[in-house]
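Trainee: Got a structure for you, model.txt, holding compact mmCIF, C-alpha atoms.
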# COMPACT_ATOMS: atom_id res chain seq x y z
CA MET A 8 -14.63 58.75 -26.14
CA ILE A 9 -17.04 59.33 -29.03
CA ARG A 10 -19.39 61.22 -26.72
CA ARG A 11 -16.59 63.51 -25.51
CA THR A 12 -15.45 64.23 -29.06
CA THR A 13 -19.00 65.13 -29.99
CA GLN A 14 -19.20 67.55 -27.07
CA VAL A 15 -15.98 69.26 -28.17
CA ILE A 16 -17.26 69.65 -31.72
CA LEU A 17 -20.57 71.05 -30.47
CA GLY A 18 -18.66 73.53 -28.29
CA LEU A 19 -16.60 74.73 -31.22
CA LEU A 20 -19.69 75.10 -33.37
CA THR A 21 -21.40 77.12 -30.63
CA ALA A 22 -18.42 79.45 -30.30
CA LEU A 23 -18.33 79.94 -34.07
CA MET A 24 -22.04 80.76 -34.12
CA LEU A 25 -21.53 83.36 -31.40
CA VAL A 26 -18.78 85.06 -33.44
CA LEU A 27 -21.01 85.11 -36.52
CA VAL A 28 -23.97 86.46 -34.55
CA ILE A 29 -21.86 89.21 -32.97
CA GLY A 30 -20.41 90.08 -36.36
CA CYS A 31 -23.81 90.23 -38.00
CA SER A 32 -25.14 92.27 -35.10
CA ASP A 33 -22.36 94.84 -35.55
CA ASP A 34 -23.02 95.02 -39.29
CA ASP A 35 -26.76 95.32 -38.73
CA ASN A 36 -26.21 98.27 -36.39
CA GLY A 37 -23.87 99.97 -38.91
CA THR A 38 -20.99 99.99 -36.42
CA ASN A 39 -17.48 100.52 -37.91
CA PRO A 40 -14.55 99.74 -35.62
CA ASP A 41 -12.51 102.57 -37.32
CA PRO A 42 -14.64 105.29 -38.93
CA ALA A 43 -11.61 107.43 -39.97
CA THR A 44 -11.13 108.38 -43.63
CA ALA A 45 -8.13 109.85 -45.43
CA PRO A 46 -7.53 113.59 -44.89
CA VAL A 47 -8.65 116.29 -47.32
CA VAL A 48 -5.80 118.46 -48.64
CA THR A 49 -5.36 121.10 -51.35
CA THR A 50 -2.18 122.21 -53.15
CA ALA A 51 -1.04 125.83 -53.05
CA ALA A 52 0.30 127.76 -56.04
CA VAL A 53 3.97 127.37 -56.90
CA THR A 54 5.97 130.57 -56.37
CA ASP A 55 9.56 131.89 -56.25
CA ILE A 56 10.73 129.55 -59.00
CA THR A 57 14.49 129.58 -59.65
CA PRO A 58 16.68 127.24 -61.72
CA THR A 59 16.94 124.77 -58.80
CA THR A 60 14.29 125.68 -56.19
CA ALA A 61 10.66 126.68 -55.75
CA GLU A 62 8.13 127.37 -53.00
CA CYS A 63 4.77 125.64 -52.59
CA GLY A 64 2.62 124.21 -49.78
CA GLY A 65 -0.96 123.26 -49.09
CA ASN A 66 -3.91 123.28 -46.74
CA VAL A 67 -5.25 120.29 -44.80
CA THR A 68 -8.94 121.20 -44.56
CA SER A 69 -10.10 117.98 -42.81
CA ASP A 70 -8.25 115.35 -40.78
CA GLY A 71 -10.76 112.63 -41.78
CA GLY A 72 -11.53 111.81 -38.17
CA ALA A 73 -7.96 110.87 -37.19
CA ALA A 74 -4.84 112.84 -36.39
CA VAL A 75 -2.79 113.94 -39.41
CA THR A 76 0.69 112.65 -38.68
CA ALA A 77 2.51 113.84 -41.81
CA ARG A 78 2.02 116.51 -44.45
CA GLY A 79 4.04 118.29 -47.13
CA VAL A 80 4.46 118.25 -50.89
CA CYS A 81 5.85 115.70 -53.31
CA TRP A 82 7.19 116.39 -56.79
CA SER A 83 8.54 114.71 -59.90
CA THR A 84 8.62 115.08 -63.67
CA SER A 85 5.61 112.75 -63.96
CA PRO A 86 2.08 114.25 -63.80
CA THR A 87 1.11 112.36 -60.61
CA PRO A 88 3.92 112.54 -58.04
CA THR A 89 3.55 110.51 -54.84
CA THR A 90 5.38 110.21 -51.53
CA ALA A 91 7.54 107.58 -53.19
CA ASP A 92 9.09 110.48 -55.17
CA ASN A 93 10.85 113.57 -53.79
CA LEU A 94 8.95 115.03 -50.85
CA SER A 95 9.08 117.57 -48.07
CA ALA A 96 7.98 117.01 -44.46
CA ASP A 97 6.15 120.03 -43.09
CA GLY A 98 4.75 119.12 -39.71
CA ALA A 99 1.42 117.54 -38.78
CA GLY A 100 -2.22 118.46 -38.16
CA THR A 101 -4.68 120.52 -40.16
CA GLY A 102 -4.33 124.01 -41.62
CA ASN A 103 -2.03 125.77 -44.04
CA PHE A 104 1.62 124.90 -44.46
CA THR A 105 4.47 126.06 -46.69
CA SER A 106 7.05 123.87 -48.38
CA SER A 107 10.46 124.44 -49.92
CA ILE A 108 11.34 122.45 -53.02
CA SER A 109 15.03 121.99 -53.83
CA GLY A 110 17.39 119.89 -55.92
CA LEU A 111 15.64 120.76 -59.19
CA THR A 112 17.19 120.89 -62.67
CA ALA A 113 17.15 124.16 -64.62
CA GLY A 114 14.76 124.42 -67.57
CA THR A 115 12.75 121.34 -66.59
CA ASP A 116 8.98 120.72 -66.33
CA TYR A 117 7.81 119.46 -62.93
CA TYR A 118 4.57 118.60 -61.12
CA VAL A 119 3.93 119.04 -57.40
CA ARG A 120 1.12 117.79 -55.14
CA ALA A 121 0.39 118.42 -51.48
CA TYR A 122 -0.13 115.29 -49.36
CA ALA A 123 -1.48 114.50 -45.89
CA THR A 124 -1.41 111.20 -43.98
CA ASN A 125 -3.47 109.78 -41.11
CA ARG A 126 -4.08 106.21 -39.97
CA ALA A 127 -6.61 105.72 -42.78
CA GLY A 128 -4.03 106.50 -45.47
CA THR A 129 -2.48 109.26 -47.56
CA GLU A 130 -4.46 111.69 -49.68
CA TYR A 131 -3.19 114.17 -52.30
CA GLY A 132 -4.20 117.59 -53.58
CA SER A 133 -4.31 118.46 -57.25
CA ALA A 134 -1.07 118.38 -59.28
CA GLU A 135 0.36 121.84 -60.05
CA PRO A 136 2.74 122.07 -63.04
CA PHE A 137 5.73 124.43 -63.09
CA THR A 138 8.94 124.89 -65.05
CA THR A 139 12.27 125.82 -63.51
CA ILE A 140 14.11 128.79 -64.93
CA SER A 141 16.65 128.06 -67.65
CA THR A 142 20.20 129.38 -67.43
CA VAL A 143 23.05 130.16 -69.80
CA THR A 144 26.75 130.27 -68.93
CA ASP A 145 29.27 132.63 -70.53
CA VAL A 146 32.92 131.92 -71.32
CA ASP A 147 33.97 133.21 -67.87
CA GLY A 148 31.61 130.81 -66.10
CA ASN A 149 29.04 133.45 -65.13
CA VAL A 150 25.57 131.88 -64.98
CA TYR A 151 22.55 133.94 -66.08
CA GLU A 152 18.88 133.26 -65.59
CA THR A 153 16.80 133.44 -68.77
CA VAL A 154 13.18 134.17 -69.56
CA THR A 155 10.92 133.26 -72.49
CA ILE A 156 8.93 136.25 -73.76
CA GLY A 157 6.70 135.34 -76.67
CA SER A 158 8.84 133.41 -79.14
CA GLN A 159 12.10 134.91 -77.86
CA VAL A 160 14.40 133.78 -75.05
CA TRP A 161 16.24 136.62 -73.32
CA MET A 162 18.79 136.84 -70.56
CA ALA A 163 17.08 138.05 -67.38
CA GLU A 164 20.34 139.64 -66.18
CA ASN A 165 22.84 142.12 -67.58
CA LEU A 166 25.96 140.72 -69.22
CA LYS A 167 29.15 140.72 -67.11
CA VAL A 168 31.61 138.75 -69.25
CA THR A 169 35.24 139.94 -69.52
CA HIS A 170 36.33 137.76 -72.47
CA TYR A 171 35.16 137.26 -76.02
CA ARG A 172 33.75 133.86 -76.91
CA ASN A 173 37.17 132.68 -78.17
CA GLY A 174 38.80 133.51 -74.83
CA ASP A 175 40.45 136.80 -75.83
CA PRO A 176 40.12 139.40 -73.05
CA ILE A 177 37.87 142.45 -73.30
CA PRO A 178 40.06 145.14 -71.73
CA ASN A 179 38.61 146.68 -68.58
CA ILE A 180 39.35 150.41 -68.88
CA SER A 181 39.15 152.59 -65.78
CA ARG A 182 40.88 155.87 -66.75
CA ASP A 183 38.58 158.40 -68.39
CA ALA A 184 41.08 159.48 -71.03
CA ALA A 185 41.91 155.90 -71.99
CA TRP A 186 38.21 155.11 -72.39
CA ALA A 187 37.66 158.16 -74.60
CA ASP A 188 40.59 157.20 -76.86
CA ARG A 189 39.51 153.59 -77.49
CA THR A 190 38.77 152.46 -81.03
CA THR A 191 38.58 148.78 -80.03
CA GLY A 192 36.43 146.82 -77.60
CA ALA A 193 36.38 147.76 -73.93
CA CYS A 194 34.31 147.18 -70.80
CA CYS A 195 34.14 148.75 -67.35
CA ASP A 196 32.32 148.72 -64.03
CA PHE A 197 29.96 151.60 -63.36
CA ASN A 198 31.94 154.29 -61.52
CA ASN A 199 34.88 151.84 -61.68
CA ASP A 200 33.39 150.06 -58.66
CA PRO A 201 33.54 146.24 -58.98
CA ARG A 202 30.77 145.93 -56.40
CA ASN A 203 28.30 147.12 -59.04
CA VAL A 204 28.97 144.20 -61.37
CA ALA A 205 27.12 141.47 -59.48
CA THR A 206 23.83 143.39 -59.71
CA TYR A 207 24.13 145.62 -62.78
CA GLY A 208 26.66 143.77 -64.93
CA LYS A 209 29.36 145.57 -66.87
CA LEU A 210 29.18 148.41 -69.39
CA TYR A 211 30.54 147.88 -72.94
CA ASN A 212 31.47 150.23 -75.76
CA TRP A 213 30.15 149.67 -79.28
CA TYR A 214 33.42 148.15 -80.47
CA ALA A 215 32.99 145.26 -78.01
CA VAL A 216 29.36 144.77 -79.07
CA ASP A 217 30.28 144.76 -82.77
CA ASP A 218 33.39 142.55 -82.49
CA SER A 219 33.33 139.36 -84.60
CA ARG A 220 34.77 137.42 -81.66
CA ASN A 221 31.38 137.85 -79.93
CA ILE A 222 30.72 138.93 -76.36
CA ALA A 223 27.59 136.76 -76.13
CA PRO A 224 27.69 133.11 -74.99
CA ALA A 225 27.56 130.43 -77.68
CA GLY A 226 24.04 130.18 -79.08
CA TRP A 227 23.26 133.78 -78.10
CA HIS A 228 23.82 137.25 -79.57
CA VAL A 229 23.37 140.95 -78.89
CA PRO A 230 19.81 141.75 -80.07
CA THR A 231 19.21 143.69 -83.26
CA ASP A 232 16.96 146.74 -83.35
CA GLU A 233 14.27 144.54 -84.98
CA GLU A 234 14.51 142.01 -82.15
CA TRP A 235 13.97 144.78 -79.62
CA LYS A 236 10.91 145.83 -81.65
CA GLN A 237 9.63 142.25 -81.62
CA LEU A 238 9.85 142.24 -77.83
CA GLU A 239 8.10 145.60 -77.54
CA ILE A 240 5.29 144.63 -79.92
CA TYR A 241 4.71 141.40 -78.00
CA LEU A 242 4.29 143.51 -74.86
CA GLY A 243 1.61 145.63 -76.53
CA MET A 244 3.31 148.30 -78.64
CA SER A 245 1.95 148.94 -82.12
CA GLN A 246 4.16 148.57 -85.20
CA ILE A 247 3.93 152.33 -85.80
CA GLN A 248 5.07 153.03 -82.25
CA ALA A 249 7.86 150.46 -82.51
CA ASP A 250 9.18 152.09 -85.68
CA ASP A 251 9.18 155.53 -84.08
CA THR A 252 11.99 157.12 -82.08
CA ASN A 253 12.04 158.81 -78.67
CA GLN A 254 9.54 157.61 -76.04
CA ARG A 255 7.11 155.09 -77.48
CA GLY A 256 4.20 153.04 -76.24
CA THR A 257 2.58 153.39 -72.83
CA ASP A 258 3.42 150.66 -70.32
CA GLU A 259 5.86 148.38 -72.19
CA GLY A 260 8.79 149.79 -70.22
CA GLY A 261 6.99 149.06 -66.96
CA LYS A 262 6.49 145.48 -68.09
CA LEU A 263 10.27 145.21 -68.50
CA LYS A 264 11.42 146.88 -65.26
CA GLU A 265 12.12 145.11 -61.99
CA VAL A 266 9.39 145.85 -59.45
CA GLY A 267 10.02 147.98 -56.38
CA THR A 268 12.76 150.34 -55.27
CA THR A 269 15.48 147.96 -54.17
CA HIS A 270 17.50 148.89 -57.28
CA TRP A 271 15.29 151.50 -58.99
CA TYR A 272 14.77 154.92 -57.46
CA SER A 273 11.27 155.84 -56.35
CA PRO A 274 8.69 156.07 -57.85
CA ASN A 275 9.79 153.48 -60.45
CA THR A 276 6.67 154.41 -62.38
CA GLY A 277 4.57 151.61 -63.87
CA ALA A 278 7.00 148.80 -62.99
CA THR A 279 5.28 145.40 -63.07
CA ASN A 280 7.99 143.17 -64.58
CA GLU A 281 5.11 141.31 -66.23
CA SER A 282 7.55 140.03 -68.84
CA GLY A 283 10.10 138.65 -66.37
CA PHE A 284 12.82 140.65 -68.14
CA THR A 285 13.80 142.31 -64.82
CA ALA A 286 15.47 145.38 -66.30
CA LEU A 287 17.93 147.03 -63.91
CA PRO A 288 19.17 150.65 -63.93
CA GLY A 289 22.90 150.20 -64.54
CA GLY A 290 23.53 153.72 -65.85
CA HIS A 291 26.06 154.45 -68.61
CA ARG A 292 29.55 155.78 -69.28
CA SER A 293 29.91 158.82 -71.50
CA CYS A 294 32.08 159.05 -74.60
CA TYR A 295 34.52 161.12 -72.51
CA GLY A 296 34.86 158.34 -69.94
CA SER A 297 32.91 160.07 -67.18
CA PHE A 298 30.11 158.66 -65.02
CA SER A 299 27.07 160.35 -63.53
CA ASP A 300 26.66 159.18 -59.94
CA THR A 301 22.96 160.00 -60.03
CA GLU A 302 22.25 157.68 -62.97
CA ILE A 303 22.69 154.26 -61.40
CA GLY A 304 19.28 153.46 -59.97
CA ARG A 305 17.55 155.87 -62.34
CA VAL A 306 18.19 154.82 -65.94
CA ALA A 307 18.85 151.59 -67.86
CA TYR A 308 20.59 151.74 -71.25
CA PHE A 309 20.79 148.70 -73.54
CA TRP A 310 22.71 148.32 -76.81
CA SER A 311 21.27 146.85 -79.96
CA SER A 312 23.61 145.50 -82.61
CA THR A 313 22.08 147.63 -85.39
CA VAL A 314 23.37 150.84 -86.97
CA SER A 315 20.67 153.27 -88.11
CA ASP A 316 20.31 154.66 -91.63
CA TYR A 317 21.97 157.78 -90.25
CA GLU A 318 25.07 155.80 -89.23
CA GLY A 319 24.26 155.93 -85.52
CA GLU A 320 23.92 152.92 -83.22
CA TRP A 321 20.41 152.07 -81.97
CA PHE A 322 19.85 151.58 -78.22
CA ARG A 323 17.01 151.52 -75.67
CA ILE A 324 16.40 153.52 -72.49
CA LEU A 325 14.16 152.73 -69.50
CA ASP A 326 13.67 155.38 -66.82
CA TYR A 327 12.59 155.32 -63.17
CA GLY A 328 10.10 158.13 -63.80
CA GLY A 329 8.19 156.59 -66.72
CA SER A 330 6.72 153.35 -68.03
CA SER A 331 7.46 153.71 -71.75
CA VAL A 332 10.48 152.55 -73.76
CA SER A 333 12.74 155.08 -75.48
CA ARG A 334 14.42 154.19 -78.78
CA TYR A 335 17.34 156.35 -79.85
CA TYR A 336 20.45 156.25 -81.99
CA PHE A 337 23.67 158.19 -81.54
CA TYR A 338 23.76 161.07 -83.99
CA ASN A 339 27.54 161.17 -84.10
CA ASN A 340 28.77 157.80 -85.26
CA PHE A 341 32.31 158.20 -83.88
CA TYR A 342 31.38 159.44 -80.41
CA GLY A 343 28.42 157.07 -80.20
CA LYS A 344 30.74 154.10 -80.37
CA LEU A 345 32.55 155.33 -77.25
CA PHE A 346 29.55 155.21 -74.91
CA GLY A 347 29.38 152.39 -72.37
CA LEU A 348 25.95 150.73 -72.11
CA SER A 349 24.53 147.54 -70.61
CA VAL A 350 23.96 144.44 -72.74
CA ARG A 351 21.14 141.89 -72.67
CA CYS A 352 21.58 138.92 -74.99
CA VAL A 353 18.88 136.98 -76.85
CA GLN A 354 19.03 133.34 -77.89
CA ASP A 355 19.84 132.53 -81.55
Can you give me the file's structure in the form of structure tokens?
Mentor:
Amino acid sequence: MIRRTTQVILGLLTALMLVLVIGCSDDDNGTNPDPATAPVVTTAAVTDITPTTAECGGNVTSDGGAAVTARGVCWSTSPTPTTADNLSADGAGTGNFTSSISGLTAGTDYYVRAYATNRAGTEYGSAEPFTTISTVTDVDGNVYETVTIGSQVWMAENLKVTHYRNGDPIPNISRDAAWADRTTGACCDFNNDPRNVATYGKLYNWYAVDDSRNIAPAGWHVPTDEEWKQLEIYLGMSQIQADDTNQRGTDEGGKLKEVGTTHWYSPNTGATNESGFTALPGGHRSCYGSFSDTEIGRVAYFWSSTVSDYEGEWFRILDYGGSSVSRYYFYNNFYGKLFGLSVRCVQD
């Protein structure tokens, strides 16, 4: 019995020695049973940012020696998002991929990283920060995107509200004669066509702009002439140019205009929209109540809330054929108040 037990123990020891020898032999030869490493992936730039969505993506430049089974982007408000946070799933394998990010909160700072996974693990690209666009809502429930330009925050869309801040209606006047006879606030759609409002907003006479009940959302106001100057100077205009009238500066208007010819007529000279202001050519209504069909798409008119020393109301003009900004005031105080122009609001 003792002899048999000894034989069993010797057999076990021999088997153990063989395992150790084989293991050492593998190590000595540098053999790795799974040579795969985590993939290599880079993060693309974040584009097409809206209040609730954005576009991103990445590039898997190496699979690490094993098939990439998952890839996409992950995002959060922390600087190092992981796949435990929000993520997209954008196929498998190496190469470039694009990702759609959704469910974001307006006016919020986020970070996004590309990721790729193989059997060796998950690897991440660099974290790219971005901020979703802020919005403001008027008393009618219209939601406007906003943009920060220097130290100012502007609406990035034309005003379309039909009530003052206290809920009183701003009369929508369609008849030419009725518009020309108004001595109180009024608004209208260009060419009396409601289909123009979604893109170009509404046009307002001076009485609506100057009403103490306010056409701007709470915390916002119609910009003064000085606030327009502040914007223009930030975009590169000199103080002397800003204080002048007529066409001033060189390319500040182009920095304000929406790019392309979707809404602006060709050639839309100098348009870069570098500021994000996205000025649109909503035309105007004359003091007699008439419209010029050729103006929408060609010219943008914006009220200021300031009356000049000559008792005329200051306003700005951007044109499809130039890249400067024009600063004018109405020479006839009474008739000037009857014009219908677009409104962009600035934050208090």
Trainee: Considering all atoms listed in the file, state which residue in the set A:Ile56, A:Val80, A:Ala127, A:Leu210 is at the smallest distance from Ser349 in chain A.
Mentor: A:Leu210
Trainee: Looking at all atoms listed in the file, which of A:Thr153, A:Asp217, A:Gly304, A:Thr76 is the one that sits closest to Thr268 in chain A?
Mentor: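 Of all the options, A:Gly304 lies closest to Thr268 in chain A.
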Trainee: Counting only C-alpha atoms, figure out which residue out of A:Ala121, A:Val168, A:Val353, A:Val154 gets nearest to Ile140 in chain A.
Mentor: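 Answer, going by the shortest atom-to-atom distance: A:Val154.
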Trainee: As a PyMOL selection string, please: the residues near Thr68 in chain A (cut-off 12 Å, all atoms listed in the file, same-chain neighbours under 6 positions excluded).
Mentor: chain A and resi 45-50+75+78+100-104+121-123+130-132
Trainee: What gap, in Å, lies between CA of Thr105 in chain A and CA of Thr44 in chain A?
Mentor: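 Between CA of Thr105 in chain A and CA of Thr44 in chain A the gap works out to 23.8 Å.
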Trainee: Around the point (8.5, 150.0, -70.4) (coordinates from the file), which residues reach within 8 Å if we count only C-alpha atoms? Answer as a compact mmCIF listing (two decimals) with C-alpha atoms, in the frame of the given file.
Mentor:
# COMPACT_ATOMS: atom_id res chain seq x y z
CA GLY A 256 4.20 153.04 -76.24
CA THR A 257 2.58 153.39 -72.83
CA ASP A 258 3.42 150.66 -70.32
CA GLU A 259 5.86 148.38 -72.19
CA GLY A 260 8.79 149.79 -70.22
CA GLY A 261 6.99 149.06 -66.96
CA LYS A 262 6.49 145.48 -68.09
CA LEU A 263 10.27 145.21 -68.50
CA LYS A 264 11.42 146.88 -65.26
CA GLY A 277 4.57 151.61 -63.87
CA ALA A 278 7.00 148.80 -62.99
CA LEU A 325 14.16 152.73 -69.50
CA GLY A 329 8.19 156.59 -66.72
CA SER A 330 6.72 153.35 -68.03
CA SER A 331 7.46 153.71 -71.75
CA VAL A 332 10.48 152.55 -73.76
Trainee: Report the distance between CA of Phe309 in chain A and CA of Ser245 in chain A in Å, rounded to one decimal place.
Mentor: 20.7 Å
Trainee: Between A:Asn221, A:Ser282, A:Ser293, A:Thr190, which one has atoms that come closest to Gly174 in chain A, using all atoms listed in the file?
Mentor: A:Asn221
Trainee: List the neighbours of range 201-208 of chain A out to 8 Å using all atoms listed in the file; skip same-chain residues closer than 2 positions along the sequence, and give me the result as a list in words.
Mentor: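 Within the cut-off, the hits are Glu164, Asn165, Leu166, Lys167, Asp196, Phe197, Asn199, Leu210, Leu287, Pro288, Gly289 and Ser349 of chain A.
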Trainee: Distance cut-off 10 Å, centre (20.8, 158.4, -64.0) in file coordinates, counting all atoms listed in the file: which residues qualify? Return them as a PyMOL selection string.
Mentor: chain A and resi 272+288-291+298-308+326-327
Trainee: Rounded to one decimal place, report the CA of Thr139 in chain A-CA of Lys209 in chain A distance in Å.
Mentor: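 Interatomic distance, CA of Thr139 in chain A to CA of Lys209 in chain A: 26.3 Å.
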